[in-house]
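**Student:** Structure supplied as run01.cif; contents: mmCIF, C-alpha atoms and all ligand atoms.
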```cif
data_start
loop_
_atom_site.label_atom_id
_atom_site.label_comp_id
_atom_site.auth_asym_id
_atom_site.auth_seq_id
_atom_site.Cartn_x
_atom_site.Cartn_y
_atom_site.Cartn_z
CA MET M 1 -19.28 -12.33 -20.27
CA ASN M 2 -17.08 -14.62 -22.23
CA LYS M 3 -16.04 -12.97 -25.48
CA ILE M 4 -16.49 -9.39 -26.62
CA ARG M 5 -15.97 -7.75 -30.01
CA ILE M 6 -14.47 -4.28 -29.95
CA PRO M 7 -14.87 -2.48 -33.27
CA ALA M 8 -11.85 -0.65 -34.66
CA LYS M 9 -11.73 2.96 -33.44
CA ASN M 10 -10.27 5.76 -35.54
CA SER M 11 -9.61 8.00 -32.61
CA ILE M 12 -10.43 8.75 -28.97
CA ASP M 13 -12.50 11.71 -27.88
CA GLY M 14 -14.83 12.15 -24.93
CA THR M 15 -15.41 12.73 -21.24
CA LEU M 16 -15.58 10.02 -18.59
CA THR M 17 -16.06 9.79 -14.84
CA ILE M 18 -13.54 7.36 -13.41
CA PRO M 19 -14.80 4.65 -10.99
CA SER M 20 -13.66 4.92 -7.40
CA SER M 21 -10.44 3.38 -6.15
CA LYS M 22 -10.76 -0.30 -5.29
CA SER M 23 -7.62 -0.07 -3.17
CA TYR M 24 -8.99 2.77 -1.03
CA ALA M 25 -12.44 1.17 -0.94
CA GLN M 26 -11.19 -2.16 0.42
CA ARG M 27 -9.09 -0.39 3.06
CA ALA M 28 -12.05 1.81 4.04
CA ILE M 29 -14.33 -1.22 4.38
CA ALA M 30 -11.75 -2.98 6.58
CA LEU M 31 -11.37 0.12 8.77
CA ALA M 32 -15.13 0.67 8.96
CA GLY M 33 -15.48 -2.93 10.09
CA LEU M 34 -13.23 -2.12 13.05
CA SER M 35 -15.11 1.02 14.02
CA LYS M 36 -17.21 1.42 17.14
CA SER M 37 -19.27 4.25 15.67
CA SER M 38 -21.24 4.80 12.55
CA VAL M 39 -19.22 5.15 9.35
CA VAL M 40 -20.50 6.13 5.94
CA ILE M 41 -18.37 5.24 2.92
CA ARG M 42 -19.48 7.21 -0.11
CA ASN M 43 -18.92 6.61 -3.82
CA LEU M 44 -18.23 2.88 -3.84
CA THR M 45 -17.86 1.21 -7.22
CA ASP M 46 -19.26 -2.30 -6.99
CA SER M 47 -16.31 -4.16 -8.47
CA ASP M 48 -15.89 -7.81 -7.47
CA ASP M 49 -12.95 -6.96 -5.18
CA VAL M 50 -14.92 -4.28 -3.34
CA LEU M 51 -17.90 -6.61 -2.98
CA ALA M 52 -15.53 -9.27 -1.62
CA ALA M 53 -14.34 -6.89 1.12
CA GLN M 54 -17.94 -6.02 1.93
CA GLY M 55 -18.85 -9.72 2.15
CA ILE M 56 -15.92 -10.36 4.48
CA ILE M 57 -16.86 -7.76 7.09
CA ALA M 58 -20.43 -9.08 6.92
CA ALA M 59 -19.10 -12.62 7.57
CA LEU M 60 -17.19 -11.20 10.54
CA GLY M 61 -20.42 -9.84 12.00
CA ALA M 62 -20.48 -6.22 10.80
CA ILE M 63 -23.92 -4.80 10.11
CA PHE M 64 -24.40 -2.25 7.34
CA VAL M 65 -26.83 -1.18 4.67
CA ARG M 66 -26.12 -0.14 1.11
CA SER M 67 -27.85 2.86 -0.38
CA GLY M 68 -26.79 3.48 -3.96
CA LYS M 69 -23.04 3.99 -3.88
CA ASP M 70 -22.97 4.47 -0.10
CA LEU M 71 -22.23 1.90 2.57
CA ILE M 72 -23.68 2.85 5.92
CA LEU M 73 -22.14 0.92 8.78
CA LYS M 74 -24.41 0.35 11.76
CA SER M 75 -22.02 -1.73 13.85
CA GLY M 76 -18.53 -3.14 13.34
CA ILE M 77 -17.30 -6.73 13.34
CA ASP M 78 -17.94 -8.96 16.34
CA MET M 79 -14.61 -8.84 18.20
CA ASN M 80 -15.93 -11.23 20.85
CA CYS M 81 -16.78 -13.99 18.41
CA ASP M 82 -16.18 -17.33 20.13
CA SER M 83 -16.87 -19.74 17.28
CA GLU M 84 -14.85 -20.74 14.22
CA ILE M 85 -14.53 -18.00 11.59
CA SER M 86 -14.41 -18.44 7.84
CA ILE M 87 -14.01 -15.75 5.18
CA ASN M 88 -14.19 -15.91 1.37
CA CYS M 89 -12.00 -13.25 -0.25
CA LYS M 90 -13.15 -14.14 -3.81
CA GLU M 91 -10.39 -13.21 -6.28
CA SER M 92 -8.94 -10.23 -4.45
CA GLY M 93 -5.25 -10.37 -3.55
CA LEU M 94 -5.61 -7.35 -1.30
CA SER M 95 -8.65 -8.67 0.57
CA THR M 96 -7.07 -12.13 0.99
CA ARG M 97 -3.82 -10.78 2.41
CA LEU M 98 -5.33 -7.86 4.32
CA PHE M 99 -8.17 -9.80 5.98
CA SER M 100 -5.90 -12.79 6.82
CA SER M 101 -4.33 -10.41 9.32
CA PHE M 102 -7.73 -10.07 11.05
CA SER M 103 -7.00 -13.53 12.48
CA LEU M 104 -4.62 -11.71 14.86
CA LEU M 105 -7.68 -10.31 16.63
CA PHE M 106 -9.15 -13.74 17.40
CA ASP M 107 -8.06 -16.86 19.30
CA GLU M 108 -10.63 -18.93 17.41
CA ASP M 109 -9.77 -20.93 14.26
CA PHE M 110 -9.88 -18.63 11.24
CA THR M 111 -10.16 -19.98 7.67
CA VAL M 112 -9.30 -17.87 4.63
CA ASN M 113 -10.52 -18.98 1.23
CA GLY M 114 -11.00 -17.44 -2.20
CA GLU M 115 -11.92 -18.11 -5.81
CA GLY M 116 -10.40 -18.04 -9.29
CA SER M 117 -6.82 -16.92 -9.83
CA ILE M 118 -6.20 -16.25 -6.14
CA ALA M 119 -5.86 -20.02 -5.65
CA GLN M 120 -2.63 -19.85 -7.71
CA ARG M 121 -1.15 -16.81 -5.96
CA THR M 122 1.44 -17.21 -3.19
CA MET M 123 0.44 -16.57 0.41
CA GLU M 124 3.92 -17.29 1.81
CA MET M 125 4.26 -13.74 3.14
CA VAL M 126 0.98 -14.18 5.04
CA ILE M 127 1.88 -17.62 6.36
CA ASP M 128 5.36 -16.59 7.52
CA GLY M 129 4.09 -13.28 8.85
CA LEU M 130 1.30 -14.83 10.93
CA ALA M 131 3.71 -17.52 12.15
CA ALA M 132 6.05 -14.73 13.31
CA PHE M 133 3.17 -13.47 15.49
CA GLY M 134 2.88 -16.96 17.00
CA LYS M 135 -0.04 -18.31 14.95
CA SER M 136 -0.11 -21.82 13.43
CA ILE M 137 -1.08 -22.00 9.77
CA ASP M 138 -2.07 -24.91 7.54
CA SER M 139 -2.03 -24.06 3.85
CA ASN M 140 -2.26 -25.70 0.46
CA LYS M 141 1.50 -25.60 -0.24
CA GLY M 142 1.79 -21.88 0.45
CA LYS M 143 -1.57 -21.02 -1.13
CA ILE M 144 -5.19 -20.82 0.02
CA PRO M 145 -7.10 -22.20 1.85
CA LEU M 146 -5.35 -21.02 5.01
CA LYS M 147 -6.40 -22.48 8.34
CA ILE M 148 -5.09 -20.19 11.03
CA SER M 149 -5.17 -21.12 14.72
CA GLY M 150 -3.58 -20.27 18.04
CA LYS M 151 -2.92 -17.04 19.87
CA THR M 152 -1.21 -13.82 18.85
CA LEU M 153 1.86 -13.87 21.05
CA LYS M 154 4.65 -11.73 19.65
CA LYS M 155 5.04 -7.95 19.80
CA LYS M 156 8.09 -7.63 17.59
CA VAL M 157 7.92 -9.30 14.20
CA GLU M 158 9.58 -9.27 10.80
CA ILE M 159 7.41 -9.40 7.68
CA ASP M 160 8.38 -10.08 4.09
CA GLY M 161 7.26 -7.17 1.93
CA SER M 162 9.46 -7.98 -1.04
CA ILE M 163 6.73 -9.72 -3.09
CA SER M 164 3.67 -7.85 -1.92
CA SER M 165 2.79 -5.01 0.44
CA GLN M 166 -0.75 -6.26 0.97
CA PHE M 167 -0.26 -8.29 4.16
CA LEU M 168 1.58 -5.35 5.74
CA THR M 169 -1.44 -3.16 4.98
CA GLY M 170 -3.60 -5.54 7.01
CA VAL M 171 -1.10 -5.86 9.86
CA LEU M 172 -0.73 -2.09 10.23
CA ILE M 173 -4.48 -1.71 10.50
CA VAL M 174 -5.12 -4.67 12.79
CA THR M 175 -2.26 -4.29 15.27
CA SER M 176 -3.65 -0.87 16.21
CA PHE M 177 -6.50 -2.80 17.86
CA LEU M 178 -4.37 -5.33 19.78
CA LYS M 179 -4.07 -4.86 23.51
CA ARG M 180 -0.35 -3.93 23.32
CA ASP M 181 2.12 -2.10 21.11
CA THR M 182 3.73 -3.82 18.10
CA GLU M 183 6.95 -3.26 16.20
CA ILE M 184 7.16 -4.54 12.63
CA ARG M 185 10.35 -4.71 10.64
CA VAL M 186 9.99 -4.95 6.85
CA PRO M 187 13.45 -5.09 5.30
CA LYS M 188 12.69 -4.97 1.57
CA LEU M 189 9.28 -3.38 1.17
CA LYS M 190 7.93 -3.11 -2.38
CA SER M 191 4.84 -1.21 -3.58
CA LYS M 192 5.53 1.55 -1.00
CA PRO M 193 2.89 3.91 -2.39
CA TYR M 194 0.27 1.35 -1.35
CA ILE M 195 1.53 1.56 2.24
CA GLU M 196 1.34 5.35 1.98
CA MET M 197 -2.31 4.92 1.03
CA THR M 198 -2.86 2.67 4.06
CA LEU M 199 -1.22 5.18 6.40
CA ASP M 200 -3.16 7.99 4.78
CA LEU M 201 -6.49 6.30 5.38
CA MET M 202 -5.55 5.14 8.89
CA ARG M 203 -4.84 8.81 9.71
CA TYR M 204 -8.26 9.74 8.33
CA PHE M 205 -9.82 7.14 10.64
CA GLY M 206 -7.87 8.59 13.59
CA LEU M 207 -5.27 5.79 13.92
CA LYS M 208 -1.57 6.47 14.46
CA VAL M 209 1.45 4.60 13.13
CA GLU M 210 5.06 5.75 13.21
CA HIS M 211 7.70 4.47 10.86
CA LYS M 212 11.32 4.87 9.95
CA ASP M 213 11.81 4.93 6.18
CA PHE M 214 9.07 2.32 5.64
CA GLU M 215 11.34 -0.24 7.28
CA ILE M 216 10.43 -0.18 10.96
CA PHE M 217 6.82 0.48 11.94
CA GLN M 218 5.74 1.22 15.52
CA ILE M 219 2.04 0.71 16.14
CA LYS M 220 0.38 1.70 19.39
CA GLY M 221 -2.13 -0.86 20.62
CA ASN M 222 -5.55 -0.19 22.18
CA GLN M 223 -6.45 2.38 19.55
CA SER M 224 -10.04 2.72 18.44
CA ILE M 225 -12.19 4.43 15.84
CA GLY M 226 -14.71 6.16 18.02
CA GLU M 227 -15.80 9.12 15.97
CA GLU M 228 -18.62 9.09 13.45
CA LEU M 229 -17.01 9.38 10.03
CA VAL M 230 -17.95 10.03 6.44
CA TYR M 231 -15.34 8.98 3.90
CA GLU M 232 -15.69 9.55 0.16
CA VAL M 233 -13.65 7.24 -2.07
CA GLU M 234 -11.64 9.13 -4.71
CA GLY M 235 -11.24 8.08 -8.34
CA ASP M 236 -9.03 5.12 -9.24
CA TRP M 237 -5.76 6.10 -10.93
CA SER M 238 -5.06 2.49 -11.93
CA ALA M 239 -8.39 2.30 -13.78
CA ALA M 240 -7.83 5.76 -15.25
CA SER M 241 -4.43 4.75 -16.63
CA PHE M 242 -6.13 2.84 -19.47
CA HIS M 243 -8.09 5.87 -20.68
CA ILE M 244 -5.04 8.10 -20.21
CA VAL M 245 -3.03 5.81 -22.48
CA ALA M 246 -5.98 5.56 -24.91
CA ALA M 247 -5.89 9.35 -25.32
CA ALA M 248 -2.09 9.48 -25.53
CA VAL M 249 -2.15 7.08 -28.49
CA GLY M 250 -5.50 8.04 -30.01
CA GLY M 251 -6.62 11.61 -29.43
CA HIS M 252 -8.11 13.45 -26.49
CA ILE M 253 -9.91 12.74 -23.24
CA GLN M 254 -11.32 14.59 -20.25
CA LEU M 255 -11.48 12.60 -17.00
CA LYS M 256 -13.55 13.46 -13.94
CA GLY M 257 -13.22 12.14 -10.39
CA LEU M 258 -9.43 11.96 -10.03
CA LYS M 259 -7.49 13.74 -7.28
CA ALA M 260 -4.42 15.60 -8.53
CA ASP M 261 -2.69 15.29 -5.14
CA SER M 262 -3.72 11.66 -4.62
CA ARG M 263 -1.44 9.28 -2.74
CA GLN M 264 -2.16 6.55 -5.28
CA GLY M 265 1.20 5.61 -6.77
CA ASP M 266 -0.38 4.92 -10.16
CA LYS M 267 -0.83 8.62 -10.82
CA VAL M 268 2.75 8.46 -12.16
CA ILE M 269 1.07 7.29 -15.37
CA LEU M 270 1.04 11.03 -16.12
CA ASP M 271 4.85 11.13 -16.12
CA ALA M 272 4.91 8.17 -18.50
CA VAL M 273 2.51 9.65 -21.05
CA LYS M 274 4.35 12.98 -20.88
CA ARG M 275 7.61 11.16 -21.57
CA ALA M 276 5.90 9.49 -24.52
CA GLY M 277 4.97 12.94 -25.88
CA ALA M 278 1.36 13.52 -24.76
CA SER M 279 0.23 16.73 -23.10
CA VAL M 280 -1.38 16.70 -19.66
CA GLU M 281 -3.45 19.50 -18.22
CA TRP M 282 -5.77 20.01 -15.21
CA ARG M 283 -8.77 22.22 -15.93
CA ASN M 284 -11.33 22.94 -13.17
CA GLY M 285 -10.52 19.64 -11.46
CA ASP M 286 -10.74 17.57 -14.65
CA LEU M 287 -7.74 15.88 -16.20
CA ILE M 288 -7.19 16.45 -19.89
CA ILE M 289 -4.87 14.33 -21.99
CA GLN M 290 -4.04 15.20 -25.57
CA LYS M 291 -2.07 13.11 -28.02
CA ASP M 292 1.00 14.53 -29.75
CA GLU M 293 3.87 12.91 -31.63
CA LEU M 294 4.37 9.57 -29.89
CA LEU M 295 7.89 8.75 -28.67
CA PRO M 296 9.45 5.61 -27.19
CA PHE M 297 10.23 6.00 -23.48
CA GLU M 298 11.94 4.51 -20.43
CA PHE M 299 10.06 4.02 -17.20
CA ASP M 300 10.57 2.34 -13.83
CA ALA M 301 7.30 0.67 -12.80
CA GLY M 302 8.79 -1.29 -9.88
CA GLU M 303 6.65 0.61 -7.33
CA CYS M 304 3.52 0.75 -9.50
CA PRO M 305 3.30 -2.76 -10.99
CA ASP M 306 -0.35 -2.41 -12.09
CA LEU M 307 0.77 0.12 -14.72
CA PHE M 308 2.69 -2.46 -16.78
CA PRO M 309 -0.25 -3.50 -19.02
CA PRO M 310 -1.25 0.05 -20.07
CA LEU M 311 2.42 1.08 -20.36
CA ALA M 312 3.09 -1.86 -22.70
CA VAL M 313 0.27 -0.60 -24.93
CA LEU M 314 1.69 2.93 -24.91
CA ALA M 315 5.08 1.54 -25.89
CA ALA M 316 3.61 -0.64 -28.66
CA TYR M 317 2.16 2.45 -30.40
CA ALA M 318 5.46 4.40 -30.24
CA SER M 319 7.78 3.36 -33.08
CA GLY M 320 11.06 2.15 -31.55
CA LYS M 321 12.25 0.49 -28.37
CA SER M 322 10.76 1.39 -24.98
CA THR M 323 12.02 -0.07 -21.72
CA ILE M 324 9.96 -0.58 -18.57
CA SER M 325 11.75 -1.88 -15.49
CA GLY M 326 10.32 -3.74 -12.50
CA VAL M 327 9.32 -6.99 -14.24
CA HIS M 328 9.97 -9.01 -11.06
CA ARG M 329 6.79 -7.44 -9.63
CA LEU M 330 4.55 -9.12 -12.23
CA LYS M 331 4.80 -12.82 -11.47
CA HIS M 332 2.34 -12.91 -8.59
CA LYS M 333 -0.58 -10.96 -10.05
CA GLU M 334 -3.84 -12.36 -11.51
CA SER M 335 -1.65 -13.77 -14.29
CA ASP M 336 2.13 -13.71 -14.72
CA ARG M 337 1.78 -10.39 -16.51
CA GLY M 338 5.24 -10.27 -18.10
CA ILE M 339 4.66 -13.55 -19.93
CA THR M 340 1.00 -12.77 -20.62
CA LEU M 341 1.83 -9.45 -22.28
CA GLN M 342 4.58 -11.11 -24.31
CA GLN M 343 2.18 -13.80 -25.57
CA GLU M 344 -0.70 -11.48 -26.40
CA PHE M 345 1.40 -8.82 -28.17
CA ALA M 346 3.10 -11.56 -30.23
CA LYS M 347 -0.32 -12.12 -31.87
CA ILE M 348 0.02 -8.71 -33.59
CA GLY M 349 3.74 -8.89 -34.27
CA VAL M 350 4.83 -6.63 -31.40
CA ARG M 351 7.96 -8.16 -29.89
CA ILE M 352 8.41 -7.97 -26.14
CA ASP M 353 11.72 -9.10 -24.63
CA LEU M 354 11.91 -9.91 -20.95
CA ASN M 355 15.52 -9.22 -20.03
CA GLY M 356 15.84 -9.89 -16.31
CA ASP M 357 14.02 -7.03 -14.61
CA GLU M 358 13.44 -5.12 -17.86
CA MET M 359 10.66 -5.37 -20.38
CA VAL M 360 11.73 -4.12 -23.80
CA ILE M 361 8.86 -3.39 -26.16
CA HIS M 362 9.62 -3.04 -29.84
CA GLY M 363 6.96 -0.49 -30.76
CA LYS M 364 5.32 -0.78 -34.17
CA GLY M 365 3.44 2.49 -34.51
CA THR M 366 -0.08 2.63 -36.00
CA PRO M 367 -1.80 0.66 -37.51
CA ILE M 368 -0.99 -1.85 -34.88
CA VAL M 369 -3.76 -4.35 -35.73
CA GLN M 370 -4.19 -5.15 -39.41
CA LYS M 371 -6.38 -8.25 -39.28
CA GLU M 372 -9.06 -9.59 -36.96
CA VAL M 373 -7.42 -10.91 -33.83
CA THR M 374 -8.62 -12.58 -30.65
CA PHE M 375 -6.76 -11.74 -27.47
CA SER M 376 -7.16 -13.65 -24.23
CA SER M 377 -7.43 -11.81 -20.95
CA HIS M 378 -5.97 -14.87 -19.18
CA ASN M 379 -8.79 -14.03 -16.73
CA ASP M 380 -6.80 -10.95 -15.75
CA HIS M 381 -8.75 -7.67 -15.69
CA ARG M 382 -5.76 -5.47 -16.48
CA ILE M 383 -4.83 -7.59 -19.49
CA ALA M 384 -8.43 -7.43 -20.78
CA MET M 385 -8.44 -3.63 -20.49
CA ALA M 386 -4.98 -3.24 -22.02
CA MET M 387 -5.80 -5.42 -25.02
CA SER M 388 -9.04 -3.50 -25.63
CA LEU M 389 -6.96 -0.38 -26.29
CA LEU M 390 -5.46 -2.11 -29.33
CA SER M 391 -8.71 -1.38 -31.18
CA ILE M 392 -7.45 2.22 -31.50
CA GLY M 393 -6.28 2.83 -35.05
CA ALA M 394 -6.92 -0.85 -35.95
CA GLU M 395 -7.99 -1.84 -39.45
CA LYS M 396 -10.30 -4.64 -38.20
CA SER M 397 -12.28 -5.48 -35.07
CA ILE M 398 -10.55 -7.14 -32.19
CA TYR M 399 -11.99 -9.75 -29.80
CA ILE M 400 -11.25 -10.32 -26.11
CA GLU M 401 -11.82 -13.78 -24.63
CA HIS M 402 -12.71 -14.05 -20.93
CA ALA M 403 -13.69 -10.41 -21.22
CA GLY M 404 -15.71 -10.46 -17.97
CA ALA M 405 -12.43 -10.37 -16.00
CA VAL M 406 -12.83 -6.56 -15.90
CA ASP M 407 -15.53 -6.98 -13.22
CA LYS M 408 -12.71 -7.45 -10.71
CA SER M 409 -11.91 -3.73 -10.71
CA TYR M 410 -13.93 -1.86 -13.36
CA PRO M 411 -17.28 -3.46 -14.28
CA ASP M 412 -18.23 -0.60 -16.65
CA PHE M 413 -14.94 -0.58 -18.50
CA TYR M 414 -16.28 -1.64 -21.95
CA LYS M 415 -19.31 0.63 -21.64
CA ASP M 416 -17.01 3.58 -20.91
CA PHE M 417 -14.38 2.70 -23.49
CA LEU M 418 -16.95 2.26 -26.23
CA THR M 419 -18.28 5.80 -25.67
CA ILE M 420 -14.93 7.56 -26.23
O1 LIG U 501 -2.65 -2.57 -1.62
C1 LIG U 501 -3.22 -2.53 -2.71
O2 LIG U 501 -4.32 -1.97 -2.85
C2 LIG U 501 -2.54 -3.12 -3.89
C3 LIG U 501 -1.20 -3.36 -3.85
C4 LIG U 501 -0.42 -3.83 -5.02
O3 LIG U 501 -0.07 -5.16 -4.79
P1 LIG U 501 1.35 -5.62 -4.18
O4 LIG U 501 1.58 -4.94 -2.88
O5 LIG U 501 1.14 -7.09 -4.03
O6 LIG U 501 2.38 -5.26 -5.20
C5 LIG U 501 -1.23 -3.75 -6.31
O7 LIG U 501 -0.60 -4.49 -7.33
C6 LIG U 501 -2.66 -4.23 -6.10
O8 LIG U 501 -3.38 -4.12 -7.30
C7 LIG U 501 -3.36 -3.39 -5.09
C1 LIG U 502 -3.03 -7.19 -8.60
C2 LIG U 502 -4.22 -6.61 -8.46
O1 LIG U 502 -5.06 -6.74 -7.40
P1 LIG U 502 -5.01 -7.76 -6.18
O2 LIG U 502 -3.57 -8.11 -5.90
O3 LIG U 502 -5.64 -7.04 -5.04
O4 LIG U 502 -5.79 -8.98 -6.58
C3 LIG U 502 -4.69 -5.66 -9.49
O5 LIG U 502 -5.73 -5.03 -9.25
O6 LIG U 502 -4.07 -5.53 -10.56
#
```
If you convert what's in this file into structure tokens, what do you get?
**Tutor:**
Amino acid sequence: MNKIRIPAKNSIDGTLTIPSSKSYAQRAIALAGLSKSSVVIRNLTDSDDVLAAQGIIAALGAIFVRSGKDLILKSGIDMNCDSEISINCKESGLSTRLFSSFSLLFDEDFTVNGEGSIAQRTMEMVIDGLAAFGKSIDSNKGKIPLKISGKTLKKKVEIDGSISSQFLTGVLIVTSFLKRDTEIRVPKLKSKPYIEMTLDLMRYFGLKVEHKDFEIFQIKGNQSIGEELVYEVEGDWSAASFHIVAAAVGGHIQLKGLKADSRQGDKVILDAVKRAGASVEWRNGDLIIQKDELLPFEFDAGECPDLFPPLAVLAAYASGKSTISGVHRLKHKESDRGITLQQEFAKIGVRIDLNGDEMVIHGKGTPIVQKEVTFSSHNDHRIAMAMSLLSIGAEKSIYIEHAGAVDKSYPDFYKDFLTI
């Protein structure tokens, strides 16, 4: 899908079921791939990133069938593979960085490739991290393709987690299957909630990791996933954040499928919309968001970088200055999201200043869009979804170019958004 028209919406009202978490799904697929017994993963949403993870374990020799939203694993990846290995991680940052760490399980040459924006995203933390384990890595100036060779030699390594937590997620999972214990030091870990999710799911799969303040991780080797398991993927708080903001600026919504006590860091979107004046209520397991007088707000999104695009929309609708901190986390996403948001909001006269680590949004209030306008997603799913919200209270239709970017995490986004 190249360009989509979104008609102006007067208000938001409806009920939606949120797709399942792509972060949990990719982790579950990786863990299932390492299992010795049958695993059933229920409630998968077939986003491009989830399909990428599924394709990777298939390339590594796992055998599974799909039945509706379920993945039924028959046998895990071939750990005794003695020929060259090559995986295509499509556009997924998580799959690229997580599955690169699978090279630690093999002595054979291991090539990691991908498609689209991932070719522009740094893999330095993967390259340096694998080198610390004793591997040799050829890269395209710090980016994919990565050609990984040699043996896994070291038991005590330091990993850079200051740009991304995603490689650490892979290393925590994979080192549990090495034939000895590993200690990993990560001095400046960012995106900690994502590591909590990894540890949470590893526990579910029966794997143990100890850590001291998310800085030193001790992983026992020779662990295995021997038990038959059924794992149901919970709703995606990052995807839900767009509808939560839509309601906070435009009316009322009831969302199904989200866990109130989820470990997903992006559930802090509820704190942000409350700060901006909306009311939040749980009723029989459903989340209900109701708009009230909209207020500018301050928020630290340093540990939940994916919330920046919806938070910028929330701020744009609140008259006055809102400040979101954590901008340094945005450079290495599908687009450089600080700059992208600044450029796209400038099209409707909403000024965004990037002051060091702070994004200051000069909110305009409604109506925010007064004439027909075409936004570009910059091929970034979260930008496409954020810009779509600007149809709320608009006086004219809006258009999104490269609209199909949403397939990366939420293929039914427009269908859902157009029904509320
Ligand atoms: O582990 C994960 O599932 C993710 C971690 C975060 O990335 P970083 O750790 O690179 O910040 C997040 O932005 C990404 O969308 C998903
Ligand atoms: C940054 C994202 O994902 P990834 O890094 O896995 O590509 C995202 O989903 O916003």
**Student:** Residues up to 6 Å from ligand LIG 501 (chain U), counting all atoms listed in the file: could you list those as a list in words?
**Tutor:**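 After applying the 6 Å limit, what remains is Ser23, Leu94, Ser164, Ser165, Gln166, Ser191, Tyr194, Pro305 and Asp306 of chain M.
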**Student:** Have a look at M:Asp336, M:Ser238, M:Gly116, M:Ala8 and name the one nearest to M:Ala405; count all atoms listed in the file.
**Tutor:** M:Gly116
**Student:** I'd like to know which of M:Ile29, M:Leu16, M:Leu199, M:Ile6 is closest to M:Asp49, using only C-alpha atoms.
**Tutor:**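 Closest residue, counting only C-alpha atoms: M:Ile29.
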**Student:** Considering all atoms listed in the file, can you say which of M:Arg329, M:Lys147, M:Arg263, M:Lys371 comes closest to ligand LIG 502 (chain U)?
**Tutor:**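 Nearest to ligand LIG 502 (chain U): M:Arg329.
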**Student:** Taking (-11.2, 9.7, -24.4) in the file's own coordinates, collect the residues within 10 Å, counting all atoms listed in the file, and hand them back as a ChimeraX atom specification.
**Tutor:** /M:11-16,242-248,250-255,288-290,416-420
**Student:** Hey, could you make a per-residue contact list for chain M against ligand LIG 502 (chain U) with 7 Å as the cut-off, showing the nearest pair of atoms and its distance in Å to one decimal, counting all atoms listed in the file, sorted by chain and number, as JSON lines?
**Tutor:**
```
{"residue": "M:Glu91", "atom": "CA", "partner": "U:LIG502", "partner_atom": "O4", "distance": 6.3}
{"residue": "M:Ser92", "atom": "CA", "partner": "U:LIG502", "partner_atom": "O4", "distance": 4.0}
{"residue": "M:Gly93", "atom": "CA", "partner": "U:LIG502", "partner_atom": "O4", "distance": 3.4}
{"residue": "M:Leu94", "atom": "CA", "partner": "U:LIG502", "partner_atom": "O3", "distance": 3.8}
{"residue": "M:Ser95", "atom": "CA", "partner": "U:LIG502", "partner_atom": "O3", "distance": 6.6}
{"residue": "M:Asp306", "atom": "CA", "partner": "U:LIG502", "partner_atom": "O6", "distance": 5.1}
{"residue": "M:Lys333", "atom": "CA", "partner": "U:LIG502", "partner_atom": "C1", "distance": 4.7}
{"residue": "M:Glu334", "atom": "CA", "partner": "U:LIG502", "partner_atom": "C1", "distance": 6.0}
{"residue": "M:Arg382", "atom": "CA", "partner": "U:LIG502", "partner_atom": "O6", "distance": 6.2}
{"residue": "M:Ser409", "atom": "CA", "partner": "U:LIG502", "partner_atom": "O5", "distance": 6.5}
```
**Student:** Measuring atom to atom with only C-alpha atoms, identify which of M:Arg185, M:Lys90, M:Arg180, M:His381 is nearest to M:Gly129.
**Tutor:**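 Of all the options, M:Arg185 lies closest to M:Gly129.
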**Student:** Using only C-alpha atoms, which of M:Val112, M:Ile87, M:Ala386, M:Leu354 sits nearest M:Leu330?
**Tutor:**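 Among M:Val112, M:Ile87, M:Ala386, M:Leu354, it is M:Leu354 that comes nearest to M:Leu330.
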**Student:** Between atom CA of M:Pro19 and atom CA of M:Tyr231, what is the distance, to one decimal in Å?
**Tutor:**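 Calculated distance between atom CA of M:Pro19 and atom CA of M:Tyr231 is 15.5 Å.
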**Student:** The residues within 10 Å of (-0.4, -12.8, -12.9), using all atoms listed in the file and the coordinates of the file, should be reported as a list in words; which are they?
**Tutor:**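 Residues close enough to count: Ser117, Ile118, Gln120, Arg121, Arg329, Leu330, Lys331, His332, Lys333, Glu334, Ser335, Asp336, Arg337, Gly338, Ile339, Thr340, His378, Asn379, Asp380, Arg382 and Ile383 of chain M.
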**Student:** For M:Asp78, which residue out of M:Ser35, M:Val40, M:Leu98, M:Ser241 is the nearest one, using all atoms listed in the file?
**Tutor:** M:Ser35
**Student:** When you draw a straight line from atom CA of M:Phe205 to atom CA of M:Met125, how long is it in Å?
**Tutor:**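 Atom-to-atom, atom CA of M:Phe205 and atom CA of M:Met125 are spaced 26.3 Å apart.
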**Student:** Could you work out how far atom CA of M:Gly302 lies from atom CA of M:Asp160, giving the answer in Å with one decimal?
**Tutor:**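 A separation of 16.5 Å between them.
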**Student:** I'd like the neighbourhood of M:Ile85 as a VMD selection string, where a residue qualifies if any of its atoms comes within 10 Å (using only C-alpha atoms), though same-chain residues fewer than 3 positions away should be ignored.
**Tutor:** chain M and resid 59 to 60 81 to 82 103 106 108 to 112 147 to 148
**Student:** Deliver the residues from the most recent selection as a file, using C-alpha atoms, as a short mmCIF file (atom, residue, chain, number, x, y, z; two decimals), keeping the file's coordinate frame.
**Tutor:**
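Result went into again-v9.cif, see below:
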```cif
data_model
loop_
_atom_site.label_atom_id
_atom_site.label_comp_id
_atom_site.auth_asym_id
_atom_site.auth_seq_id
_atom_site.Cartn_x
_atom_site.Cartn_y
_atom_site.Cartn_z
CA ALA M 59 -19.10 -12.62 7.57
CA LEU M 60 -17.19 -11.20 10.54
CA CYS M 81 -16.78 -13.99 18.41
CA ASP M 82 -16.18 -17.33 20.13
CA SER M 103 -7.00 -13.53 12.48
CA PHE M 106 -9.15 -13.74 17.40
CA GLU M 108 -10.63 -18.93 17.41
CA ASP M 109 -9.77 -20.93 14.26
CA PHE M 110 -9.88 -18.63 11.24
CA THR M 111 -10.16 -19.98 7.67
CA VAL M 112 -9.30 -17.87 4.63
CA LYS M 147 -6.40 -22.48 8.34
CA ILE M 148 -5.09 -20.19 11.03
#
```
